[in-house]
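Chemist: Contents of structure_24.cif (mmCIF, C-alpha atoms) are given next:
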```cif
data_model
#
loop_
_atom_site.group_PDB
_atom_site.id
_atom_site.type_symbol
_atom_site.label_atom_id
_atom_site.label_comp_id
_atom_site.auth_asym_id
_atom_site.auth_seq_id
_atom_site.Cartn_x
_atom_site.Cartn_y
_atom_site.Cartn_z
ATOM 1 C CA ALA A 317 0.000 0.000 0.000
ATOM 2 C CA SER A 318 2.875 2.315 0.820
ATOM 3 C CA GLN A 319 4.438 1.713 -2.602
ATOM 4 C CA GLU A 320 1.097 2.385 -4.319
ATOM 5 C CA GLN A 321 0.772 5.701 -2.467
ATOM 6 C CA LYS A 322 4.252 6.705 -3.613
ATOM 7 C CA ASN A 323 3.448 5.838 -7.226
ATOM 8 C CA SER A 324 0.160 7.719 -6.964
ATOM 9 C CA GLY A 325 1.993 10.753 -5.583
ATOM 10 C CA ARG A 326 4.422 10.660 -8.490
ATOM 11 C CA ASN A 327 1.587 10.552 -11.003
ATOM 12 C CA GLU A 328 -0.035 13.619 -9.459
ATOM 13 C CA GLU A 329 3.114 15.727 -9.785
ATOM 14 C CA PRO A 330 3.259 17.914 -12.906
ATOM 15 C CA VAL A 331 5.836 16.991 -15.507
ATOM 16 C CA LEU A 332 7.131 20.034 -17.357
ATOM 17 C CA LEU A 333 7.073 19.716 -21.100
ATOM 18 C CA SER A 334 10.272 19.851 -23.108
ATOM 19 C CA GLY A 335 9.260 23.248 -24.418
ATOM 20 C CA SER A 336 8.217 24.998 -27.577
ATOM 21 C CA ALA A 337 9.572 23.552 -30.812
ATOM 22 C CA ARG A 338 9.938 27.038 -32.250
ATOM 23 C CA ALA A 339 9.282 30.579 -31.186
ATOM 24 C CA SER A 340 5.736 31.843 -31.544
ATOM 25 C CA PRO A 341 5.290 33.946 -34.713
ATOM 26 C CA LEU A 342 2.655 35.964 -32.866
ATOM 27 C CA ALA A 343 5.061 36.818 -30.045
ATOM 28 C CA THR A 344 7.798 37.637 -32.561
ATOM 29 C CA ALA A 345 5.388 39.954 -34.361
ATOM 30 C CA GLY A 346 4.719 41.606 -31.009
ATOM 31 C CA TYR A 347 8.426 42.317 -30.489
ATOM 32 C CA VAL A 348 8.730 43.636 -34.047
ATOM 33 C CA LEU A 349 5.759 45.898 -33.330
ATOM 34 C CA VAL A 350 7.561 47.235 -30.250
ATOM 35 C CA VAL A 351 10.699 47.912 -32.320
ATOM 36 C CA VAL A 352 8.719 49.750 -34.994
ATOM 37 C CA GLY A 353 6.819 51.634 -32.300
ATOM 38 C CA HIS A 354 9.994 52.902 -30.644
ATOM 39 C CA LEU A 355 11.475 53.937 -33.987
ATOM 40 C CA TRP A 356 8.247 55.764 -34.832
ATOM 41 C CA VAL A 357 8.265 57.541 -31.452
ATOM 42 C CA LEU A 358 11.913 58.471 -32.055
ATOM 43 C CA ARG A 359 11.032 59.906 -35.470
ATOM 44 C CA VAL A 360 8.158 61.957 -34.028
ATOM 45 C CA HIS A 361 10.479 63.096 -31.263
ATOM 46 C CA ALA A 362 13.087 64.223 -33.789
ATOM 47 C CA VAL A 363 10.795 65.744 -36.419
ATOM 48 C CA ALA A 364 7.683 67.006 -34.639
ATOM 49 C CA THR A 365 9.317 68.585 -31.585
ATOM 50 C CA GLY A 366 11.880 71.301 -31.134
ATOM 51 C CA ALA A 367 13.880 69.384 -28.548
ATOM 52 C CA GLU A 368 17.623 69.784 -28.828
ATOM 53 C CA ALA A 369 20.814 68.935 -26.964
ATOM 54 C CA LEU A 370 20.154 67.294 -23.581
ATOM 55 C CA LEU A 371 16.367 67.476 -23.876
ATOM 56 C CA PHE A 372 16.513 65.429 -27.076
ATOM 57 C CA ALA A 373 19.460 63.124 -26.426
ATOM 58 C CA SER A 374 18.358 61.986 -22.965
ATOM 59 C CA LEU A 375 14.981 60.685 -24.152
ATOM 60 C CA ALA A 376 16.290 59.470 -27.518
ATOM 61 C CA SER A 377 18.905 57.275 -25.825
ATOM 62 C CA VAL A 378 16.166 55.375 -23.992
ATOM 63 C CA GLU A 379 14.115 55.046 -27.184
ATOM 64 C CA VAL A 380 17.086 53.486 -28.986
ATOM 65 C CA ALA A 381 17.955 51.192 -26.060
ATOM 66 C CA LEU A 382 14.409 49.836 -25.802
ATOM 67 C CA ALA A 383 14.150 49.375 -29.573
ATOM 68 C CA LEU A 384 17.363 47.334 -29.467
ATOM 69 C CA GLU A 385 16.074 45.274 -26.557
ATOM 70 C CA ALA A 386 12.887 44.329 -28.405
ATOM 71 C CA ALA A 387 14.911 43.597 -31.555
ATOM 72 C CA VAL A 388 17.093 41.147 -29.610
ATOM 73 C CA TYR A 389 14.010 39.251 -28.469
ATOM 74 C CA ALA A 390 12.616 39.229 -32.007
ATOM 75 C CA LEU A 391 15.902 37.980 -33.479
ATOM 76 C CA GLY A 392 16.036 35.288 -30.809
ATOM 77 C CA ALA A 393 13.325 33.487 -32.770
ATOM 78 C CA LEU A 394 15.879 32.814 -35.524
ATOM 79 C CA GLY A 395 18.318 31.075 -33.176
ATOM 80 C CA HIS A 396 21.148 29.277 -34.976
ATOM 81 C CA SER A 397 20.119 30.631 -38.370
ATOM 82 C CA PHE A 398 20.935 34.174 -37.229
ATOM 83 C CA GLY A 399 24.193 33.289 -35.501
ATOM 84 C CA LEU A 400 24.680 32.579 -31.819
ATOM 85 C CA PRO A 401 27.884 34.674 -31.470
ATOM 86 C CA LEU A 402 26.043 37.718 -32.799
ATOM 87 C CA LEU A 403 23.098 37.040 -30.494
ATOM 88 C CA THR A 404 25.554 36.807 -27.599
ATOM 89 C CA LEU A 405 27.044 40.192 -28.483
ATOM 90 C CA LEU A 406 23.602 41.737 -28.837
ATOM 91 C CA GLY A 407 22.638 40.284 -25.470
ATOM 92 C CA ARG A 408 25.567 42.069 -23.838
ATOM 93 C CA VAL A 409 24.835 45.352 -25.628
ATOM 94 C CA ARG A 410 21.155 45.071 -24.678
ATOM 95 C CA LEU A 411 21.869 44.876 -20.958
ATOM 96 C CA LEU A 412 24.616 47.496 -20.836
ATOM 97 C CA GLY A 413 22.818 49.940 -23.126
ATOM 98 C CA ALA A 414 19.606 49.858 -21.114
ATOM 99 C CA ALA A 415 21.459 50.163 -17.794
ATOM 100 C CA VAL A 416 23.261 53.300 -19.008
ATOM 101 C CA ALA A 417 20.287 54.871 -20.815
ATOM 102 C CA TRP A 418 17.503 54.560 -18.226
ATOM 103 C CA PRO A 419 18.879 57.097 -15.690
ATOM 104 C CA TRP A 420 18.796 59.836 -18.350
ATOM 105 C CA LEU A 421 15.016 59.976 -18.109
ATOM 106 C CA LEU A 422 15.556 61.891 -14.859
ATOM 107 C CA PRO A 423 17.446 64.846 -16.430
ATOM 108 C CA TRP A 424 14.895 64.844 -19.248
ATOM 109 C CA ALA A 425 11.958 65.166 -16.850
ATOM 110 C CA SER A 426 13.832 67.757 -14.778
ATOM 111 C CA GLU A 427 14.541 69.992 -17.765
ATOM 112 C CA LEU A 428 11.038 69.574 -19.150
ATOM 113 C CA SER A 429 9.485 70.566 -15.821
ATOM 114 C CA CYS A 430 11.713 73.641 -15.723
ATOM 115 C CA ARG A 431 11.082 74.796 -19.283
ATOM 116 C CA CYS A 432 7.366 74.030 -19.076
ATOM 117 C CA GLY A 433 6.924 76.042 -15.884
ATOM 118 C CA ALA A 434 5.887 73.094 -13.721
ATOM 119 C CA VAL A 435 8.585 74.175 -11.253
ATOM 120 C CA SER A 436 10.408 77.459 -10.843
ATOM 121 C CA ALA A 437 13.425 78.140 -13.031
ATOM 122 C CA GLY A 438 15.761 78.052 -10.048
ATOM 123 C CA THR A 439 14.414 74.760 -8.754
ATOM 124 C CA GLY A 440 14.379 73.274 -12.237
ATOM 125 C CA SER A 441 17.966 74.293 -12.929
ATOM 126 C CA THR A 442 19.088 72.696 -9.671
ATOM 127 C CA LEU A 443 17.193 69.502 -10.462
ATOM 128 C CA VAL A 444 18.725 69.347 -13.932
ATOM 129 C CA HIS A 445 22.252 69.658 -12.568
ATOM 130 C CA LEU A 446 21.671 67.073 -9.837
ATOM 131 C CA THR A 447 20.061 64.510 -12.125
ATOM 132 C CA VAL A 448 22.704 64.973 -14.829
ATOM 133 C CA VAL A 449 25.382 64.285 -12.224
ATOM 134 C CA LEU A 450 23.459 61.219 -11.016
ATOM 135 C CA ALA A 451 22.966 59.810 -14.518
ATOM 136 C CA GLY A 452 26.572 60.574 -15.417
ATOM 137 C CA LEU A 453 27.912 58.862 -12.309
ATOM 138 C CA MET A 454 25.830 55.773 -12.971
ATOM 139 C CA GLY A 455 27.065 55.615 -16.554
ATOM 140 C CA ALA A 456 30.651 56.114 -15.396
ATOM 141 C CA PHE A 457 30.235 53.300 -12.867
ATOM 142 C CA PHE A 458 29.140 50.853 -15.558
ATOM 143 C CA ALA A 459 31.951 52.043 -17.832
ATOM 144 C CA LEU A 460 34.469 51.578 -15.024
ATOM 145 C CA ARG A 461 33.366 47.967 -14.606
ATOM 146 C CA GLU A 462 34.070 47.302 -18.284
ATOM 147 C CA VAL A 463 37.432 49.096 -18.225
ATOM 148 C CA SER A 464 38.528 47.261 -15.089
ATOM 149 C CA PHE A 465 37.728 43.952 -16.764
ATOM 150 C CA ALA A 466 39.722 44.955 -19.854
ATOM 151 C CA VAL A 467 42.701 45.804 -17.628
ATOM 152 C CA ARG A 468 42.544 43.036 -15.017
ATOM 153 C CA GLY A 469 40.474 40.309 -16.616
ATOM 154 C CA GLU A 470 37.939 38.245 -14.724
ATOM 155 C CA PRO A 471 39.041 37.730 -11.104
ATOM 156 C CA PRO A 472 39.088 34.143 -9.757
ATOM 157 C CA SER A 473 36.655 35.170 -7.020
ATOM 158 C CA ALA A 474 33.971 35.797 -9.654
ATOM 159 C CA THR A 475 33.710 32.067 -10.316
ATOM 160 C CA GLY A 476 34.226 31.052 -6.699
ATOM 161 C CA ALA A 477 37.730 29.732 -7.341
ATOM 162 C CA ALA A 478 39.277 32.023 -4.725
ATOM 163 C CA ALA A 479 38.357 34.403 -1.948
ATOM 164 C CA ALA A 480 37.270 37.885 -3.005
ATOM 165 C CA GLN A 481 39.971 40.544 -3.027
ATOM 166 C CA LEU A 482 39.678 44.316 -2.846
ATOM 167 C CA GLY A 483 38.510 45.638 -6.209
ATOM 168 C CA ASP A 484 37.219 42.312 -7.535
ATOM 169 C CA CYS A 485 33.641 43.580 -7.559
ATOM 170 C CA LEU A 486 34.249 45.848 -10.564
ATOM 171 C CA PRO A 487 35.735 43.452 -13.161
ATOM 172 C CA GLY A 488 33.616 40.607 -11.807
ATOM 173 C CA GLN A 489 30.432 42.524 -12.676
ATOM 174 C CA ALA A 490 31.404 43.603 -16.203
ATOM 175 C CA ILE A 491 28.797 42.922 -18.883
ATOM 176 C CA PHE A 492 31.383 42.382 -21.623
ATOM 177 C CA GLY A 493 33.346 40.123 -19.313
ATOM 178 C CA GLY A 494 32.522 36.648 -18.149
ATOM 179 C CA GLN A 495 30.440 34.020 -19.841
ATOM 180 C CA PHE A 496 27.032 34.585 -21.419
ATOM 181 C CA ARG A 497 24.821 31.575 -22.012
ATOM 182 C CA LEU A 498 21.467 30.735 -23.476
ATOM 183 C CA ASP A 499 18.607 31.213 -21.063
ATOM 184 C CA LYS A 500 17.652 27.546 -20.807
ATOM 185 C CA ALA A 501 14.205 28.186 -19.349
ATOM 186 C CA ASP A 502 13.443 30.737 -22.057
ATOM 187 C CA LEU A 503 14.623 28.404 -24.810
ATOM 188 C CA GLU A 504 12.635 25.440 -23.507
ATOM 189 C CA GLU A 505 9.442 27.369 -22.845
ATOM 190 C CA THR A 506 9.386 29.770 -25.796
ATOM 191 C CA GLY A 507 11.878 28.436 -28.342
ATOM 192 C CA ARG A 508 13.574 31.851 -28.275
ATOM 193 C CA ALA A 509 17.374 32.117 -28.070
ATOM 194 C CA VAL A 510 18.115 34.804 -25.479
ATOM 195 C CA PHE A 511 21.586 35.161 -24.005
ATOM 196 C CA VAL A 512 21.989 36.169 -20.366
ATOM 197 C CA PRO A 513 24.969 36.319 -17.985
ATOM 198 C CA ALA A 514 26.004 32.953 -16.599
ATOM 199 C CA ARG A 515 26.487 34.811 -13.316
ATOM 200 C CA PRO A 516 23.962 37.487 -12.298
ATOM 201 C CA ARG A 517 25.176 41.071 -12.682
ATOM 202 C CA GLN A 518 24.249 43.525 -9.967
ATOM 203 C CA GLY A 519 22.778 46.993 -10.377
ATOM 204 C CA LEU A 520 21.522 46.721 -13.955
ATOM 205 C CA TYR A 521 17.967 47.773 -13.141
ATOM 206 C CA ILE A 522 18.602 50.559 -10.639
ATOM 207 C CA GLY A 523 18.347 53.225 -13.330
ATOM 208 C CA SER A 524 15.081 51.797 -14.600
ATOM 209 C CA GLY A 525 13.568 51.915 -11.122
ATOM 210 C CA LEU A 526 14.791 55.457 -10.472
ATOM 211 C CA ALA A 527 13.369 56.608 -13.807
ATOM 212 C CA MET A 528 9.987 55.156 -12.895
ATOM 213 C CA LEU A 529 9.926 56.785 -9.456
ATOM 214 C CA GLY A 530 11.085 60.101 -10.872
ATOM 215 C CA HIS A 531 8.460 60.189 -13.606
ATOM 216 C CA LEU A 532 5.689 59.292 -11.187
ATOM 217 C CA ALA A 533 6.747 62.212 -8.995
ATOM 218 C CA PHE A 534 7.141 64.641 -11.906
ATOM 219 C CA GLY A 535 3.857 63.371 -13.332
ATOM 220 C CA VAL A 536 2.038 64.449 -10.178
ATOM 221 C CA VAL A 537 3.668 67.890 -10.424
ATOM 222 C CA PHE A 538 2.659 68.241 -14.076
ATOM 223 C CA MET A 539 -0.890 67.131 -13.288
ATOM 224 C CA ARG A 540 -1.218 70.003 -10.824
ATOM 225 C CA THR A 541 0.134 72.658 -13.189
ATOM 226 C CA ALA A 542 -0.663 71.529 -16.757
ATOM 227 C CA ALA A 543 -3.859 70.828 -18.639
ATOM 228 C CA LEU A 544 -5.386 67.378 -18.787
ATOM 229 C CA PRO A 545 -4.697 64.645 -19.693
ATOM 230 C CA PRO A 546 -1.582 64.235 -17.523
ATOM 231 C CA TRP A 547 0.522 62.505 -20.186
ATOM 232 C CA LEU A 548 3.653 62.013 -18.097
ATOM 233 C CA LEU A 549 1.789 60.467 -15.175
ATOM 234 C CA LEU A 550 -0.383 58.303 -17.420
ATOM 235 C CA GLY A 551 2.643 56.953 -19.258
ATOM 236 C CA ALA A 552 4.483 56.108 -16.054
ATOM 237 C CA LEU A 553 1.407 54.388 -14.621
ATOM 238 C CA VAL A 554 0.920 52.289 -17.766
ATOM 239 C CA ALA A 555 4.580 51.255 -17.662
ATOM 240 C CA LEU A 556 4.289 50.459 -13.964
ATOM 241 C CA LEU A 557 1.264 48.280 -14.667
ATOM 242 C CA GLY A 558 3.149 46.529 -17.461
ATOM 243 C CA ARG A 559 6.102 45.870 -15.178
ATOM 244 C CA TRP A 560 3.826 44.575 -12.470
ATOM 245 C CA PHE A 561 2.242 42.192 -14.948
ATOM 246 C CA GLY A 562 5.710 41.403 -16.264
ATOM 247 C CA GLN A 563 6.627 39.487 -13.131
ATOM 248 C CA LEU A 564 6.727 35.875 -14.279
ATOM 249 C CA PRO A 565 3.793 34.107 -12.588
ATOM 250 C CA PRO A 566 4.202 30.611 -11.153
ATOM 251 C CA VAL A 567 2.195 27.662 -12.376
ATOM 252 C CA GLY A 568 -1.168 27.995 -10.654
ATOM 253 C CA LYS A 569 -2.544 25.567 -8.104
ATOM 254 C CA ASN A 570 -5.442 24.570 -10.328
ATOM 255 C CA MET A 571 -2.956 23.801 -13.092
ATOM 256 C CA ARG A 572 -1.062 21.463 -10.803
ATOM 257 C CA GLU A 573 -4.274 19.672 -9.971
ATOM 258 C CA LYS A 574 -5.104 19.145 -13.626
ATOM 259 C CA GLY A 575 -1.637 17.927 -14.545
ATOM 260 C CA ALA A 576 1.203 19.281 -16.639
ATOM 261 C CA PRO A 577 0.774 22.674 -18.299
ATOM 262 C CA THR A 578 0.358 22.749 -22.048
ATOM 263 C CA ASP A 579 2.944 24.028 -24.521
ATOM 264 C CA SER A 580 0.848 27.146 -25.081
ATOM 265 C CA THR A 581 0.641 27.822 -21.345
ATOM 266 C CA LEU A 582 4.407 27.512 -20.931
ATOM 267 C CA LEU A 583 4.988 29.761 -23.929
ATOM 268 C CA TRP A 584 2.708 32.619 -22.924
ATOM 269 C CA ARG A 585 3.537 32.332 -19.234
ATOM 270 C CA ARG A 586 6.824 33.976 -20.217
ATOM 271 C CA GLU A 587 6.094 35.769 -23.495
ATOM 272 C CA GLY A 588 2.855 37.395 -22.327
ATOM 273 C CA PRO A 589 4.255 39.232 -19.294
ATOM 274 C CA ARG A 590 7.444 40.170 -21.150
ATOM 275 C CA LEU A 591 5.512 41.651 -24.057
ATOM 276 C CA ALA A 592 3.176 43.492 -21.685
ATOM 277 C CA CYS A 593 6.165 45.090 -19.980
ATOM 278 C CA ARG A 594 7.707 46.218 -23.295
ATOM 279 C CA LEU A 595 4.411 47.558 -24.612
ATOM 280 C CA GLY A 596 3.888 49.484 -21.375
ATOM 281 C CA GLU A 597 7.315 51.093 -21.725
ATOM 282 C CA LEU A 598 6.535 51.982 -25.346
ATOM 283 C CA VAL A 599 3.359 53.765 -24.233
ATOM 284 C CA TRP A 600 5.391 55.508 -21.525
ATOM 285 C CA LEU A 601 7.854 57.019 -24.001
ATOM 286 C CA TRP A 602 5.048 57.979 -26.373
ATOM 287 C CA CYS A 603 3.374 59.833 -23.501
ATOM 288 C CA CYS A 604 6.689 61.579 -22.795
ATOM 289 C CA VAL A 605 6.731 62.910 -26.361
ATOM 290 C CA GLN A 606 3.093 63.979 -26.030
ATOM 291 C CA GLU A 607 3.932 65.912 -22.858
ATOM 292 C CA LEU A 608 6.876 67.527 -24.618
ATOM 293 C CA GLN A 609 4.723 68.636 -27.555
ATOM 294 C CA ARG A 610 2.107 70.107 -25.238
ATOM 295 C CA CYS A 611 4.732 71.995 -23.265
ATOM 296 C CA GLU A 612 6.290 73.433 -26.416
ATOM 297 C CA ALA A 613 2.883 74.772 -27.450
ATOM 298 C CA SER A 614 2.384 76.409 -24.056
ATOM 299 C CA PRO A 615 2.877 80.192 -23.738
ATOM 300 C CA THR A 616 5.008 79.577 -20.634
ATOM 301 C CA TRP A 617 7.570 77.482 -22.553
ATOM 302 C CA LEU A 618 11.158 78.577 -21.906
ATOM 303 C CA ALA A 619 13.856 78.346 -24.557
ATOM 304 C CA VAL A 620 16.407 77.373 -21.909
ATOM 305 C CA CYS A 621 16.327 76.324 -18.276
ATOM 306 C CA GLU A 622 18.443 78.692 -16.239
#
```
Is it possible to give me this structure as structure tokens?

Modeler:
Amino acid sequence: ASQEQKNSGRNEEPVLLSGSARASPLATAGYVLVVVGHLWVLRVHAVATGAEALLFASLASVEVALALEAAVYALGALGHSFGLPLLTLLGRVRLLGAAVAWPWLLPWASELSCRCGAVSAGTGSTLVHLTVVLAGLMGAFFALREVSFAVRGEPPSATGAAAAQLGDCLPGQAIFGGQFRLDKADLEETGRAVFVPARPRQGLYIGSGLAMLGHLAFGVVFMRTAALPPWLLLGALVALLGRWFGQLPPVGKNMREKGAPTDSTLLWRREGPRLACRLGELVWLWCCVQELQRCEASPTWLAVCE
């Protein structure tokens, strides 16, 4: 009887499927749509607004970084036919580019609030200087990690072969250093070849979180001083909702009771939240451009923030 109970228990446990035979064309089309959307927003930003210098470059850098990120996911559907070494390189550029670009949404929002009259010129100028320093320091930190790896190489402590020494944290966290590998779970569940660090890298998403918090705060300020709709706040809230949905959900209890999840469930358990997050960020940047256009049409618009 005991052996029968054990066998029965084994039969009730879900057995994960081997994964998707190939990437979903629908999901790939979604990533292509995100790429085209970011390029379209970038074109509107460049052609239909008068933004220049920092006000243009800070937002444009994020638009390019997110377009590249979506392109990497779309190209992952091609796998070996596209070339794994090139996908590996793009995977490194994707992570480093986004980590460096995200903090620049803070100087962009600071300058926009100053030139739009949402805050006083003095306060706005101070915010611009502080956020530029913050974004610059974060970019310099990531650059220093790459330079230290180029000079010292990967320290033995990064792989656990030796005790950590002073200064090992910089080269050990370099994006262009260390091994990148296929995300096995992603490949098995979606059929998409996505390269990620074999060892987790720290601090890559700090800028993204700061940008979100900053835009939520600036969005509230704009809502109190500008006409409706509050584009900046709406965009940040949509992106926040997308990121919240983008947390990979576990297999539900009812699914365990019914048995193993289907191929489609495994596929969209990962692709659905990831696409929702990218679409939310696309809407966010589009709302940023809408806020910029409205501010430029305002009689209180300042040519410079000083």

Chemist: Could you list, as number ranges by chain, every residue within 10 Å of A:Ala552, counting all atoms listed in the file and ignoring same-chain residues fewer than 2 positions away?

Modeler: A: 527-535, 547-550, 554-558, 596-597, 599-601, 603-604

Chemist: Write out as a VMD selection string the residues lying within 6 Å of A:Glu379, counting all atoms listed in the file and excluding same-chain residues fewer than 3 positions away.

Modeler: chain A and resid 354 376 382

Chemist: Kindly give the distance, in Å, that separates atom CA of A:Ala451 and atom CA of A:Trp418, rounded to a single decimal.

Modeler: 8.4 Å

Chemist: How far is it from atom CA of A:Gly413 to atom CA of A:Leu553, in Å with one decimal?

Modeler: 23.5 Å

Chemist: Might you pull out every residue within 10 Å of A:Leu370, with all atoms listed in the file counted and same-chain residues fewer than 5 positions away left off, and present them as a ChimeraX atom specification?

Modeler: /A:375-376,420,423-424,427,444,448

Chemist: Box for stretch 428-434 of chain A: with edges along x, y and z, all listed atoms inside and 5 Å added on each side, what are the centre and edge lengths in Å to one decimal, as lines of an AutoDock Vina configuration file?

Modeler:
```
center_x = 8.8
center_y = 72.8
center_z = -16.5
size_x = 15.8
size_y = 16.5
size_z = 15.6
```

Chemist: For stretch 512-514 of chain A, find every residue with an atom within 12 Å (counting all atoms listed in the file), except residues of its own chain fewer than 5 positions away, and show them as a VMD selection string.

Modeler: chain A and resid 388 to 389 403 to 412 474 to 475 488 to 503 520

Chemist: May I ask which of the residues A:Leu486, A:Gly366, A:Val620, A:Ala425 is the closest one to A:Arg517, counting all atoms listed in the file?

Modeler: A:Leu486

Chemist: Give me, as a CSV table (one decimal) with C-alpha atoms, in the frame of the given file, all polymer residues having an atom no more than 8 Å from A:Leu355, counting all atoms listed in the file and skipping those fewer than 2 positions away in the same chain.

Modeler:
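Result went into out.csv, see below:
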```
chain,number,residue,atom,x,y,z
A,351,VAL,CA,10.7,47.9,-32.3
A,352,VAL,CA,8.7,49.8,-35.0
A,353,GLY,CA,6.8,51.6,-32.3
A,357,VAL,CA,8.3,57.5,-31.5
A,358,LEU,CA,11.9,58.5,-32.1
A,359,ARG,CA,11.0,59.9,-35.5
A,379,GLU,CA,14.1,55.0,-27.2
A,380,VAL,CA,17.1,53.5,-29.0
A,383,ALA,CA,14.2,49.4,-29.6
```

Chemist: As an exercise, work out the distance from atom CA of A:Leu450 to atom CA of A:Glu622 in Å and give it to one decimal place.

Modeler: 18.9 Å
